[in-house]
$ cat work01.txt   # compact mmCIF, N, CA and C atoms
# COMPACT_ATOMS: atom_id res chain seq x y z
N MET A 134 0.85 -1.18 0.00
CA MET A 134 0.00 0.00 0.00
C MET A 134 0.89 1.23 0.00
N PRO A 135 0.59 2.19 -0.84
CA PRO A 135 1.38 3.42 -0.88
C PRO A 135 1.18 4.25 0.39
N ARG A 136 2.03 5.25 0.54
CA ARG A 136 1.89 6.21 1.63
C ARG A 136 1.18 7.44 1.09
N PHE A 137 0.46 8.13 1.96
CA PHE A 137 -0.38 9.24 1.54
C PHE A 137 -0.02 10.51 2.28
N LEU A 138 -0.32 11.65 1.63
CA LEU A 138 -0.08 12.97 2.20
C LEU A 138 -1.35 13.79 2.01
N LEU A 139 -1.93 14.26 3.12
CA LEU A 139 -3.11 15.11 3.05
C LEU A 139 -2.69 16.56 2.81
N ASP A 140 -3.37 17.20 1.88
CA ASP A 140 -3.14 18.61 1.62
C ASP A 140 -3.68 19.42 2.79
N GLU A 141 -3.23 20.67 2.91
CA GLU A 141 -3.64 21.47 4.07
C GLU A 141 -5.10 21.89 4.04
N ASN A 142 -5.80 21.69 2.94
CA ASN A 142 -7.22 22.01 2.92
C ASN A 142 -8.08 20.87 3.47
N ILE A 143 -7.41 19.85 4.00
CA ILE A 143 -8.09 18.75 4.70
C ILE A 143 -7.61 18.78 6.14
N ASP A 144 -8.55 18.74 7.07
CA ASP A 144 -8.24 18.81 8.50
C ASP A 144 -7.20 17.75 8.88
N VAL A 145 -6.23 18.15 9.67
CA VAL A 145 -5.16 17.25 10.09
C VAL A 145 -5.71 16.03 10.83
N ASP A 146 -6.84 16.15 11.50
CA ASP A 146 -7.44 15.03 12.24
C ASP A 146 -7.93 13.92 11.31
N VAL A 147 -8.14 14.24 10.03
CA VAL A 147 -8.54 13.21 9.07
C VAL A 147 -7.44 12.15 8.94
N ALA A 148 -6.19 12.56 9.10
CA ALA A 148 -5.08 11.59 9.03
C ALA A 148 -5.25 10.51 10.10
N ASP A 149 -5.59 10.91 11.31
CA ASP A 149 -5.81 9.94 12.39
C ASP A 149 -6.98 9.01 12.07
N LEU A 150 -8.05 9.58 11.53
CA LEU A 150 -9.21 8.75 11.17
C LEU A 150 -8.86 7.73 10.09
N LEU A 151 -8.10 8.16 9.09
CA LEU A 151 -7.73 7.24 8.00
C LEU A 151 -6.79 6.14 8.51
N ARG A 152 -5.88 6.51 9.39
CA ARG A 152 -4.98 5.51 9.98
C ARG A 152 -5.76 4.47 10.77
N SER A 153 -6.66 4.94 11.63
CA SER A 153 -7.36 4.01 12.51
C SER A 153 -8.41 3.19 11.76
N GLU A 154 -9.10 3.79 10.82
CA GLU A 154 -10.17 3.07 10.12
C GLU A 154 -9.66 2.16 9.02
N PHE A 155 -8.65 2.59 8.28
CA PHE A 155 -8.21 1.83 7.10
C PHE A 155 -6.79 1.27 7.23
N GLY A 156 -6.07 1.67 8.26
CA GLY A 156 -4.72 1.16 8.46
C GLY A 156 -3.72 1.63 7.43
N ILE A 157 -3.97 2.79 6.83
CA ILE A 157 -3.05 3.30 5.83
C ILE A 157 -2.03 4.24 6.47
N GLU A 158 -0.89 4.35 5.83
CA GLU A 158 0.15 5.26 6.30
C GLU A 158 -0.13 6.62 5.67
N VAL A 159 -0.47 7.58 6.51
CA VAL A 159 -0.86 8.90 6.00
C VAL A 159 -0.27 9.99 6.89
N ASP A 160 0.13 11.08 6.24
CA ASP A 160 0.70 12.23 6.93
C ASP A 160 -0.02 13.47 6.44
N HIS A 161 0.30 14.59 7.01
CA HIS A 161 -0.34 15.86 6.64
C HIS A 161 0.75 16.88 6.33
N VAL A 162 0.49 17.75 5.36
CA VAL A 162 1.51 18.73 4.95
C VAL A 162 1.99 19.58 6.12
N THR A 163 1.11 19.93 7.04
CA THR A 163 1.54 20.77 8.17
C THR A 163 2.51 20.02 9.08
N LEU A 164 2.34 18.71 9.20
CA LEU A 164 3.24 17.92 10.04
C LEU A 164 4.58 17.67 9.36
N ARG A 165 4.65 17.91 8.05
CA ARG A 165 5.90 17.75 7.30
C ARG A 165 6.57 19.09 7.02
N GLY A 166 6.06 20.16 7.64
CA GLY A 166 6.68 21.48 7.48
C GLY A 166 6.39 22.13 6.13
N LEU A 167 5.27 21.76 5.52
CA LEU A 167 4.95 22.27 4.18
C LEU A 167 3.77 23.26 4.18
N SER A 168 3.41 23.78 5.35
CA SER A 168 2.31 24.74 5.42
C SER A 168 2.60 25.94 4.53
N ARG A 169 1.58 26.40 3.87
CA ARG A 169 1.65 27.60 3.02
C ARG A 169 2.60 27.46 1.84
N ARG A 170 3.01 26.25 1.53
CA ARG A 170 3.81 26.02 0.32
C ARG A 170 2.87 25.96 -0.86
N SER A 171 3.38 26.24 -2.03
CA SER A 171 2.56 26.19 -3.24
C SER A 171 2.20 24.73 -3.55
N ASP A 172 1.13 24.56 -4.31
CA ASP A 172 0.74 23.22 -4.73
C ASP A 172 1.87 22.56 -5.52
N GLN A 173 2.57 23.34 -6.33
CA GLN A 173 3.69 22.80 -7.12
C GLN A 173 4.80 22.29 -6.21
N GLU A 174 5.11 23.02 -5.15
CA GLU A 174 6.14 22.58 -4.20
C GLU A 174 5.72 21.30 -3.48
N ILE A 175 4.45 21.23 -3.11
CA ILE A 175 3.94 20.02 -2.44
C ILE A 175 3.95 18.85 -3.41
N ALA A 176 3.60 19.10 -4.67
CA ALA A 176 3.64 18.04 -5.69
C ALA A 176 5.06 17.52 -5.85
N GLU A 177 6.04 18.41 -5.89
CA GLU A 177 7.44 18.00 -6.02
C GLU A 177 7.89 17.18 -4.82
N PHE A 178 7.48 17.60 -3.62
CA PHE A 178 7.81 16.86 -2.40
C PHE A 178 7.18 15.45 -2.46
N ALA A 179 5.92 15.39 -2.85
CA ALA A 179 5.22 14.10 -2.92
C ALA A 179 5.90 13.17 -3.93
N ARG A 180 6.28 13.68 -5.08
CA ARG A 180 7.00 12.88 -6.08
C ARG A 180 8.29 12.32 -5.49
N ALA A 181 9.06 13.20 -4.86
CA ALA A 181 10.37 12.80 -4.33
C ALA A 181 10.24 11.75 -3.22
N GLU A 182 9.19 11.84 -2.43
CA GLU A 182 8.99 10.92 -1.31
C GLU A 182 8.13 9.71 -1.67
N GLY A 183 7.59 9.69 -2.89
CA GLY A 183 6.74 8.57 -3.30
C GLY A 183 5.38 8.57 -2.61
N LEU A 184 4.84 9.76 -2.35
CA LEU A 184 3.56 9.89 -1.65
C LEU A 184 2.43 10.17 -2.62
N VAL A 185 1.25 9.67 -2.29
CA VAL A 185 0.03 9.99 -3.03
C VAL A 185 -0.63 11.15 -2.28
N VAL A 186 -0.91 12.25 -2.98
CA VAL A 186 -1.49 13.42 -2.35
C VAL A 186 -3.02 13.31 -2.38
N ILE A 187 -3.64 13.51 -1.22
CA ILE A 187 -5.10 13.54 -1.12
C ILE A 187 -5.50 15.00 -0.97
N ILE A 188 -6.37 15.46 -1.88
CA ILE A 188 -6.73 16.88 -1.95
C ILE A 188 -8.24 17.06 -1.97
N ARG A 189 -8.67 18.31 -1.76
CA ARG A 189 -10.09 18.66 -1.93
C ARG A 189 -10.30 19.64 -3.07
N ASP A 190 -9.29 20.40 -3.43
CA ASP A 190 -9.48 21.41 -4.48
C ASP A 190 -8.94 20.91 -5.81
N HIS A 191 -9.27 21.61 -6.86
CA HIS A 191 -8.92 21.15 -8.21
C HIS A 191 -7.50 21.51 -8.64
N HIS A 192 -6.77 22.30 -7.85
CA HIS A 192 -5.46 22.77 -8.29
C HIS A 192 -4.46 21.64 -8.53
N PHE A 193 -4.45 20.64 -7.66
CA PHE A 193 -3.57 19.51 -7.89
C PHE A 193 -3.99 18.72 -9.12
N SER A 194 -5.29 18.65 -9.35
CA SER A 194 -5.77 17.98 -10.57
C SER A 194 -5.21 18.69 -11.79
N ASP A 195 -5.19 20.02 -11.75
CA ASP A 195 -4.63 20.80 -12.86
C ASP A 195 -3.14 20.50 -13.03
N ILE A 196 -2.40 20.42 -11.92
CA ILE A 196 -0.98 20.10 -11.99
C ILE A 196 -0.80 18.71 -12.60
N TRP A 197 -1.62 17.75 -12.18
CA TRP A 197 -1.52 16.38 -12.72
C TRP A 197 -1.76 16.39 -14.22
N HIS A 198 -2.78 17.12 -14.67
CA HIS A 198 -3.09 17.17 -16.11
C HIS A 198 -1.97 17.82 -16.92
N GLN A 199 -1.29 18.80 -16.34
CA GLN A 199 -0.23 19.51 -17.06
C GLN A 199 1.10 18.77 -17.01
N SER A 200 1.22 17.80 -16.13
CA SER A 200 2.48 17.08 -15.95
C SER A 200 2.55 15.87 -16.87
N VAL A 201 3.76 15.51 -17.24
CA VAL A 201 3.96 14.26 -17.98
C VAL A 201 4.60 13.23 -17.06
N ASP A 202 4.79 13.61 -15.82
CA ASP A 202 5.47 12.78 -14.83
C ASP A 202 4.54 11.67 -14.33
N THR A 203 5.01 10.44 -14.43
CA THR A 203 4.20 9.32 -13.95
C THR A 203 4.38 9.08 -12.46
N ASP A 204 5.21 9.88 -11.80
CA ASP A 204 5.41 9.72 -10.36
C ASP A 204 4.46 10.57 -9.53
N LEU A 205 3.63 11.40 -10.16
CA LEU A 205 2.68 12.22 -9.42
C LEU A 205 1.34 11.48 -9.36
N ASN A 206 0.90 11.20 -8.14
CA ASN A 206 -0.35 10.49 -7.91
C ASN A 206 -1.24 11.32 -7.00
N VAL A 207 -2.51 11.48 -7.40
CA VAL A 207 -3.42 12.38 -6.71
C VAL A 207 -4.76 11.69 -6.50
N VAL A 208 -5.31 11.85 -5.29
CA VAL A 208 -6.69 11.46 -5.01
C VAL A 208 -7.43 12.76 -4.72
N HIS A 209 -8.38 13.09 -5.59
CA HIS A 209 -9.16 14.33 -5.47
C HIS A 209 -10.52 13.98 -4.88
N VAL A 210 -10.75 14.41 -3.64
CA VAL A 210 -12.01 14.13 -2.95
C VAL A 210 -12.96 15.29 -3.22
N ARG A 211 -14.08 14.97 -3.86
CA ARG A 211 -15.08 15.99 -4.19
C ARG A 211 -16.38 15.63 -3.49
N VAL A 212 -16.60 16.25 -2.34
CA VAL A 212 -17.82 16.00 -1.59
C VAL A 212 -18.52 17.33 -1.33
N LYS A 213 -19.84 17.29 -1.31
CA LYS A 213 -20.60 18.52 -1.07
C LYS A 213 -20.46 18.99 0.36
N VAL A 214 -20.49 18.05 1.29
CA VAL A 214 -20.34 18.38 2.70
C VAL A 214 -18.87 18.22 3.07
N GLN A 215 -18.18 19.34 3.23
CA GLN A 215 -16.73 19.34 3.46
C GLN A 215 -16.41 19.15 4.94
N THR A 216 -16.87 18.04 5.50
CA THR A 216 -16.58 17.71 6.89
C THR A 216 -15.63 16.52 6.92
N MET A 217 -15.06 16.26 8.11
CA MET A 217 -14.19 15.09 8.23
C MET A 217 -14.96 13.83 7.88
N SER A 218 -16.17 13.71 8.38
CA SER A 218 -16.93 12.49 8.12
C SER A 218 -17.29 12.36 6.65
N GLY A 219 -17.58 13.47 5.97
CA GLY A 219 -17.87 13.42 4.54
C GLY A 219 -16.67 12.98 3.72
N ILE A 220 -15.50 13.48 4.08
CA ILE A 220 -14.27 13.11 3.38
C ILE A 220 -13.95 11.64 3.61
N VAL A 221 -14.05 11.19 4.86
CA VAL A 221 -13.76 9.79 5.18
C VAL A 221 -14.77 8.87 4.49
N GLU A 222 -16.03 9.27 4.45
CA GLU A 222 -17.06 8.46 3.78
C GLU A 222 -16.73 8.29 2.30
N ALA A 223 -16.30 9.35 1.66
CA ALA A 223 -15.93 9.25 0.24
C ALA A 223 -14.71 8.34 0.07
N LEU A 224 -13.72 8.49 0.94
CA LEU A 224 -12.51 7.69 0.83
C LEU A 224 -12.74 6.22 1.19
N ARG A 225 -13.80 5.93 1.88
CA ARG A 225 -14.14 4.54 2.21
C ARG A 225 -14.29 3.71 0.93
N GLN A 226 -14.72 4.34 -0.14
CA GLN A 226 -14.86 3.64 -1.43
C GLN A 226 -13.51 3.20 -1.99
N VAL A 227 -12.47 3.91 -1.61
CA VAL A 227 -11.13 3.60 -2.10
C VAL A 227 -10.43 2.61 -1.16
N PHE A 228 -10.53 2.84 0.13
CA PHE A 228 -9.73 2.09 1.10
C PHE A 228 -10.51 1.06 1.91
N GLY A 229 -11.83 1.11 1.89
CA GLY A 229 -12.58 0.32 2.85
C GLY A 229 -13.23 -0.94 2.33
N GLY A 230 -13.00 -1.30 1.09
CA GLY A 230 -13.67 -2.48 0.55
C GLY A 230 -12.88 -3.75 0.72
N ASP A 231 -13.46 -4.83 0.25
CA ASP A 231 -12.79 -6.13 0.29
C ASP A 231 -11.81 -6.28 -0.87
N SER A 232 -11.90 -5.40 -1.85
CA SER A 232 -11.02 -5.52 -3.01
C SER A 232 -9.61 -5.08 -2.65
N ASP A 233 -8.68 -5.40 -3.52
CA ASP A 233 -7.28 -5.01 -3.30
C ASP A 233 -7.16 -3.50 -3.35
N ALA A 234 -6.13 -3.01 -2.70
CA ALA A 234 -5.85 -1.58 -2.71
C ALA A 234 -5.56 -1.14 -4.14
N PRO A 235 -5.99 0.06 -4.50
CA PRO A 235 -5.73 0.53 -5.86
C PRO A 235 -4.25 0.71 -6.10
N GLU A 236 -3.87 0.56 -7.37
CA GLU A 236 -2.50 0.81 -7.76
C GLU A 236 -2.36 2.27 -8.15
N PHE A 237 -1.29 2.88 -7.71
CA PHE A 237 -1.04 4.27 -8.04
C PHE A 237 0.25 4.36 -8.83
N ARG A 238 0.10 4.59 -10.13
CA ARG A 238 1.24 4.83 -11.03
C ARG A 238 0.79 5.88 -12.03
N GLY A 239 1.11 7.12 -11.75
CA GLY A 239 0.66 8.19 -12.62
C GLY A 239 -0.85 8.30 -12.62
N THR A 240 -1.43 8.25 -11.42
CA THR A 240 -2.88 8.14 -11.28
C THR A 240 -3.49 9.43 -10.76
N LEU A 241 -4.62 9.80 -11.36
CA LEU A 241 -5.51 10.83 -10.81
C LEU A 241 -6.83 10.13 -10.52
N MET A 242 -7.18 10.06 -9.25
CA MET A 242 -8.42 9.41 -8.84
C MET A 242 -9.35 10.49 -8.30
N THR A 243 -10.53 10.60 -8.89
CA THR A 243 -11.52 11.55 -8.41
C THR A 243 -12.59 10.76 -7.67
N VAL A 244 -12.79 11.10 -6.41
CA VAL A 244 -13.69 10.35 -5.55
C VAL A 244 -14.84 11.23 -5.11
N LYS A 245 -16.05 10.77 -5.37
CA LYS A 245 -17.27 11.38 -4.86
C LYS A 245 -18.03 10.29 -4.13
N ILE A 246 -18.92 10.67 -3.25
CA ILE A 246 -19.74 9.65 -2.62
C ILE A 246 -20.58 9.00 -3.71
N GLY A 247 -20.39 7.71 -3.89
CA GLY A 247 -21.12 6.97 -4.92
C GLY A 247 -20.35 6.74 -6.21
N SER A 248 -19.17 7.36 -6.37
CA SER A 248 -18.42 7.12 -7.60
C SER A 248 -16.92 7.35 -7.41
N VAL A 249 -16.16 6.59 -8.18
CA VAL A 249 -14.71 6.75 -8.22
C VAL A 249 -14.31 6.71 -9.69
N ARG A 250 -13.61 7.75 -10.14
CA ARG A 250 -13.13 7.79 -11.52
C ARG A 250 -11.60 7.81 -11.49
N VAL A 251 -10.98 6.97 -12.30
CA VAL A 251 -9.53 6.84 -12.28
C VAL A 251 -8.98 7.13 -13.67
N LYS A 252 -7.95 7.97 -13.71
CA LYS A 252 -7.20 8.23 -14.94
C LYS A 252 -5.76 7.83 -14.68
N HIS A 253 -5.14 7.21 -15.70
CA HIS A 253 -3.74 6.81 -15.59
C HIS A 253 -2.93 7.46 -16.70
N ARG A 254 -1.68 7.77 -16.39
CA ARG A 254 -0.73 8.19 -17.43
C ARG A 254 -0.35 6.96 -18.21
N SER A 255 -0.17 7.12 -19.49
CA SER A 255 0.26 5.96 -20.29
C SER A 255 1.75 5.96 -20.46
$ encode --input "work01.txt" --output "structure tokens"
Amino acid sequence: MPRFLLDENIDVDVADLLRSEFGIEVDHVTLRGLSRRSDQEIAEFARAEGLVVIIRDHHFSDIWHQSVDTDLNVVHVRVKVQTMSGIVEALRQVFGGDSDAPEFRGTLMTVKIGSVRVKHRS
């Protein structure tokens, strides 16, 4: 299972919820000293560390679309109710099933409650 990095637009407490509920290794940009860094800087850090970035806004999606790098992996959570429980509920579709964990290789995954869309770099 890959390691994950929550963007600062997701509450730091979501990391604890994801760890306890799904057993994934997840960190938060503020805990890594990346507060107030640009999305591009966070993307570069995530690439270098082999982390999948979990975001709420579309800016990382834009970076992913503009990049040719297959080392940038993004999970874009799009929920109407921007609460911790809403975010975790959406991510349950990715991490909480009986199926194998998704593979992340140049992946942009858009997650909404009720749907998961995956794009891969070729």
$ atom_distance --input "work01.txt" --atom1 "CA of Leu205 (chain A)" --atom2 "CA of Gly166 (chain A)"
19.7 Å
$ closest_residue --input "work01.txt" --among "A:Gly229, A:Arg165, A:Leu224, A:Val207" --to "Met242 (chain A)" --atoms "only C-alpha atoms"
A:Val207
$ select_by_dssp --input "work01.txt" --residues "chain A" --states "strand (DSSP E)" --output "list of chain:residue names"
A:Arg136, A:Phe137, A:Leu138, A:Leu139, A:Val159, A:Asp160, A:His161, A:Leu184, A:Val185, A:Val186, A:Ile187, A:Ile188, A:Asn206, A:Val207, A:Val208, A:His209, A:Val210, A:Thr240, A:Leu241, A:Met242, A:Thr243, A:Val244, A:Lys245, A:Ser248, A:Val249, A:Arg250, A:Val251, A:Lys252, A:His253
$ write_last_selection --input "work01.txt" --atoms "N, CA and C atoms" --output "PDB file, in the frame of the given file"
ATOM      1  N   ARG A 136       2.030   5.250   0.540  1.00  0.00           N
ATOM      2  CA  ARG A 136       1.890   6.210   1.630  1.00  0.00           C
ATOM      3  C   ARG A 136       1.180   7.440   1.090  1.00  0.00           C
ATOM      4  N   PHE A 137       0.460   8.130   1.960  1.00  0.00           N
ATOM      5  CA  PHE A 137      -0.380   9.240   1.540  1.00  0.00           C
ATOM      6  C   PHE A 137      -0.020  10.510   2.280  1.00  0.00           C
ATOM      7  N   LEU A 138      -0.320  11.650   1.630  1.00  0.00           N
ATOM      8  CA  LEU A 138      -0.080  12.970   2.200  1.00  0.00           C
ATOM      9  C   LEU A 138      -1.350  13.790   2.010  1.00  0.00           C
ATOM     10  N   LEU A 139      -1.930  14.260   3.120  1.00  0.00           N
ATOM     11  CA  LEU A 139      -3.110  15.110   3.050  1.00  0.00           C
ATOM     12  C   LEU A 139      -2.690  16.560   2.810  1.00  0.00           C
ATOM     13  N   VAL A 159      -0.470   7.580   6.510  1.00  0.00           N
ATOM     14  CA  VAL A 159      -0.860   8.900   6.000  1.00  0.00           C
ATOM     15  C   VAL A 159      -0.270   9.990   6.890  1.00  0.00           C
ATOM     16  N   ASP A 160       0.130  11.080   6.240  1.00  0.00           N
ATOM     17  CA  ASP A 160       0.700  12.230   6.930  1.00  0.00           C
ATOM     18  C   ASP A 160      -0.020  13.470   6.440  1.00  0.00           C
ATOM     19  N   HIS A 161       0.300  14.590   7.010  1.00  0.00           N
ATOM     20  CA  HIS A 161      -0.340  15.860   6.640  1.00  0.00           C
ATOM     21  C   HIS A 161       0.750  16.880   6.330  1.00  0.00           C
ATOM     22  N   LEU A 184       4.840   9.760  -2.350  1.00  0.00           N
ATOM     23  CA  LEU A 184       3.560   9.890  -1.650  1.00  0.00           C
ATOM     24  C   LEU A 184       2.430  10.170  -2.620  1.00  0.00           C
ATOM     25  N   VAL A 185       1.250   9.670  -2.290  1.00  0.00           N
ATOM     26  CA  VAL A 185       0.030   9.990  -3.030  1.00  0.00           C
ATOM     27  C   VAL A 185      -0.630  11.150  -2.280  1.00  0.00           C
ATOM     28  N   VAL A 186      -0.910  12.250  -2.980  1.00  0.00           N
ATOM     29  CA  VAL A 186      -1.490  13.420  -2.350  1.00  0.00           C
ATOM     30  C   VAL A 186      -3.020  13.310  -2.380  1.00  0.00           C
ATOM     31  N   ILE A 187      -3.640  13.510  -1.220  1.00  0.00           N
ATOM     32  CA  ILE A 187      -5.100  13.540  -1.120  1.00  0.00           C
ATOM     33  C   ILE A 187      -5.500  15.000  -0.970  1.00  0.00           C
ATOM     34  N   ILE A 188      -6.370  15.460  -1.880  1.00  0.00           N
ATOM     35  CA  ILE A 188      -6.730  16.880  -1.950  1.00  0.00           C
ATOM     36  C   ILE A 188      -8.240  17.060  -1.970  1.00  0.00           C
ATOM     37  N   ASN A 206       0.900  11.200  -8.140  1.00  0.00           N
ATOM     38  CA  ASN A 206      -0.350  10.490  -7.910  1.00  0.00           C
ATOM     39  C   ASN A 206      -1.240  11.320  -7.000  1.00  0.00           C
ATOM     40  N   VAL A 207      -2.510  11.480  -7.400  1.00  0.00           N
ATOM     41  CA  VAL A 207      -3.420  12.380  -6.710  1.00  0.00           C
ATOM     42  C   VAL A 207      -4.760  11.690  -6.500  1.00  0.00           C
ATOM     43  N   VAL A 208      -5.310  11.850  -5.290  1.00  0.00           N
ATOM     44  CA  VAL A 208      -6.690  11.460  -5.010  1.00  0.00           C
ATOM     45  C   VAL A 208      -7.430  12.760  -4.720  1.00  0.00           C
ATOM     46  N   HIS A 209      -8.380  13.090  -5.590  1.00  0.00           N
ATOM     47  CA  HIS A 209      -9.160  14.330  -5.470  1.00  0.00           C
ATOM     48  C   HIS A 209     -10.520  13.980  -4.880  1.00  0.00           C
ATOM     49  N   VAL A 210     -10.750  14.410  -3.640  1.00  0.00           N
ATOM     50  CA  VAL A 210     -12.010  14.130  -2.950  1.00  0.00           C
ATOM     51  C   VAL A 210     -12.960  15.290  -3.220  1.00  0.00           C
ATOM     52  N   THR A 240      -1.430   8.250 -11.420  1.00  0.00           N
ATOM     53  CA  THR A 240      -2.880   8.140 -11.280  1.00  0.00           C
ATOM     54  C   THR A 240      -3.490   9.430 -10.760  1.00  0.00           C
ATOM     55  N   LEU A 241      -4.620   9.800 -11.360  1.00  0.00           N
ATOM     56  CA  LEU A 241      -5.510  10.830 -10.810  1.00  0.00           C
ATOM     57  C   LEU A 241      -6.830  10.130 -10.520  1.00  0.00           C
ATOM     58  N   MET A 242      -7.180  10.060  -9.250  1.00  0.00           N
ATOM     59  CA  MET A 242      -8.420   9.410  -8.840  1.00  0.00           C
ATOM     60  C   MET A 242      -9.350  10.490  -8.300  1.00  0.00           C
ATOM     61  N   THR A 243     -10.530  10.600  -8.890  1.00  0.00           N
ATOM     62  CA  THR A 243     -11.520  11.550  -8.410  1.00  0.00           C
ATOM     63  C   THR A 243     -12.590  10.760  -7.670  1.00  0.00           C
ATOM     64  N   VAL A 244     -12.790  11.100  -6.410  1.00  0.00           N
ATOM     65  CA  VAL A 244     -13.690  10.350  -5.550  1.00  0.00           C
ATOM     66  C   VAL A 244     -14.840  11.230  -5.110  1.00  0.00           C
ATOM     67  N   LYS A 245     -16.050  10.770  -5.370  1.00  0.00           N
ATOM     68  CA  LYS A 245     -17.270  11.380  -4.860  1.00  0.00           C
ATOM     69  C   LYS A 245     -18.030  10.290  -4.130  1.00  0.00           C
ATOM     70  N   SER A 248     -19.170   7.360  -6.370  1.00  0.00           N
ATOM     71  CA  SER A 248     -18.420   7.120  -7.600  1.00  0.00           C
ATOM     72  C   SER A 248     -16.920   7.350  -7.410  1.00  0.00           C
ATOM     73  N   VAL A 249     -16.160   6.590  -8.180  1.00  0.00           N
ATOM     74  CA  VAL A 249     -14.710   6.750  -8.220  1.00  0.00           C
ATOM     75  C   VAL A 249     -14.310   6.710  -9.690  1.00  0.00           C
ATOM     76  N   ARG A 250     -13.610   7.750 -10.140  1.00  0.00           N
ATOM     77  CA  ARG A 250     -13.130   7.790 -11.520  1.00  0.00           C
ATOM     78  C   ARG A 250     -11.600   7.810 -11.490  1.00  0.00           C
ATOM     79  N   VAL A 251     -10.980   6.970 -12.300  1.00  0.00           N
ATOM     80  CA  VAL A 251      -9.530   6.840 -12.280  1.00  0.00           C
ATOM     81  C   VAL A 251      -8.980   7.130 -13.670  1.00  0.00           C
ATOM     82  N   LYS A 252      -7.950   7.970 -13.710  1.00  0.00           N
ATOM     83  CA  LYS A 252      -7.200   8.230 -14.940  1.00  0.00           C
ATOM     84  C   LYS A 252      -5.760   7.830 -14.680  1.00  0.00           C
ATOM     85  N   HIS A 253      -5.140   7.210 -15.700  1.00  0.00           N
ATOM     86  CA  HIS A 253      -3.740   6.810 -15.590  1.00  0.00           C
ATOM     87  C   HIS A 253      -2.930   7.460 -16.700  1.00  0.00           C
TER      88      HIS A 253
END
$ select_by_dssp --input "work01.txt" --residues "region 139-255 of chain A" --states "alpha helix (DSSP H)" --output "MDAnalysis selection string"
chainID A and resid 146:155 172:182 192:199 217:228
$ residues_around --input "work01.txt" --residues "Arg136 (chain A)" --least-positions-apart "6" --cutoff "5 Å" --atoms "all atoms listed in the file" --output "PyMOL selection string"
chain A and resi 158+184-185
$ residues_around --input "work01.txt" --residues "Val201 (chain A)" --least-positions-apart "5" --cutoff "8 Å" --atoms "all atoms listed in the file" --output "number ranges by chain"
A: 196, 239, 254
$ atom_distance --input "work01.txt" --atom1 "CA of Ser171 (chain A)" --atom2 "CA of Val147 (chain A)"
21.1 Å
$ closest_residue --input "work01.txt" --among "A:Asp204, A:Asp140, A:Glu154, A:Glu236" --to "Ile188 (chain A)" --atoms "all atoms listed in the file"
A:Asp140
$ closest_residue --input "work01.txt" --among "A:Arg170, A:Gly183, A:Glu177, A:Gly156" --to "Leu138 (chain A)" --atoms "only N, CA and C atoms"
A:Gly183
$ atom_distance --input "work01.txt" --atom1 "atom N of Val210 (chain A)" --atom2 "atom C of Arg189 (chain A)"
5.3 Å
$ residues_around --input "work01.txt" --residues "Asp144 (chain A)" --least-positions-apart "4" --cutoff "8 Å" --atoms "only N, CA and C atoms" --output "PDB file with N, CA and C atoms, in the coordinates of the input"
ATOM      1  N   LEU A 139      -1.930  14.260   3.120  1.00  0.00           N
ATOM      2  CA  LEU A 139      -3.110  15.110   3.050  1.00  0.00           C
ATOM      3  C   LEU A 139      -2.690  16.560   2.810  1.00  0.00           C
ATOM      4  N   ASP A 140      -3.370  17.200   1.880  1.00  0.00           N
ATOM      5  CA  ASP A 140      -3.140  18.610   1.620  1.00  0.00           C
ATOM      6  C   ASP A 140      -3.680  19.420   2.790  1.00  0.00           C
ATOM      7  N   ALA A 148      -6.190  12.560   9.100  1.00  0.00           N
ATOM      8  CA  ALA A 148      -5.080  11.590   9.030  1.00  0.00           C
ATOM      9  C   ALA A 148      -5.250  10.510  10.100  1.00  0.00           C
ATOM     10  N   ASP A 149      -5.590  10.910  11.310  1.00  0.00           N
ATOM     11  CA  ASP A 149      -5.810   9.940  12.390  1.00  0.00           C
ATOM     12  C   ASP A 149      -6.980   9.010  12.070  1.00  0.00           C
ATOM     13  N   HIS A 161       0.300  14.590   7.010  1.00  0.00           N
ATOM     14  CA  HIS A 161      -0.340  15.860   6.640  1.00  0.00           C
ATOM     15  C   HIS A 161       0.750  16.880   6.330  1.00  0.00           C
ATOM     16  N   THR A 216     -16.870  18.040   5.500  1.00  0.00           N
ATOM     17  CA  THR A 216     -16.580  17.710   6.890  1.00  0.00           C
ATOM     18  C   THR A 216     -15.630  16.520   6.920  1.00  0.00           C
ATOM     19  N   MET A 217     -15.060  16.260   8.110  1.00  0.00           N
ATOM     20  CA  MET A 217     -14.190  15.090   8.230  1.00  0.00           C
ATOM     21  C   MET A 217     -14.960  13.830   7.880  1.00  0.00           C
TER      22      MET A 217
END
$ closest_residue --input "work01.txt" --among "A:Thr203, A:Ser248, A:His253, A:His192" --to "Asp172 (chain A)" --atoms "only N, CA and C atoms"
A:His192
$ closest_residue --input "work01.txt" --among "A:Thr240, A:Thr163, A:Gln173, A:Gln226" --to "Asn206 (chain A)" --atoms "only N, CA and C atoms"
A:Thr240
$ closest_residue --input "work01.txt" --among "A:Val251, A:Phe228, A:Leu151, A:Leu241" --to "His198 (chain A)" --atoms "only N, CA and C atoms"
A:Leu241
$ residues_around --input "work01.txt" --residues "Val162 (chain A)" --least-positions-apart "6" --cutoff "8 Å" --atoms "all atoms listed in the file" --output "ChimeraX atom specification"
/A:137-142,145,168-169,175
$ decode --input "work01.txt" --residues "region 214-218 of chain A" --atoms "N, CA and C atoms" --output "compact mmCIF listing (two decimals), in the first residue's frame"
# COMPACT_ATOMS: atom_id res chain seq x y z
N VAL A 214 -20.49 18.05 1.29
CA VAL A 214 -20.34 18.38 2.70
C VAL A 214 -18.87 18.22 3.07
N GLN A 215 -18.18 19.34 3.23
CA GLN A 215 -16.73 19.34 3.46
C GLN A 215 -16.41 19.15 4.94
N THR A 216 -16.87 18.04 5.50
CA THR A 216 -16.58 17.71 6.89
C THR A 216 -15.63 16.52 6.92
N MET A 217 -15.06 16.26 8.11
CA MET A 217 -14.19 15.09 8.23
C MET A 217 -14.96 13.83 7.88
N SER A 218 -16.17 13.71 8.38
CA SER A 218 -16.93 12.49 8.12
C SER A 218 -17.29 12.36 6.65
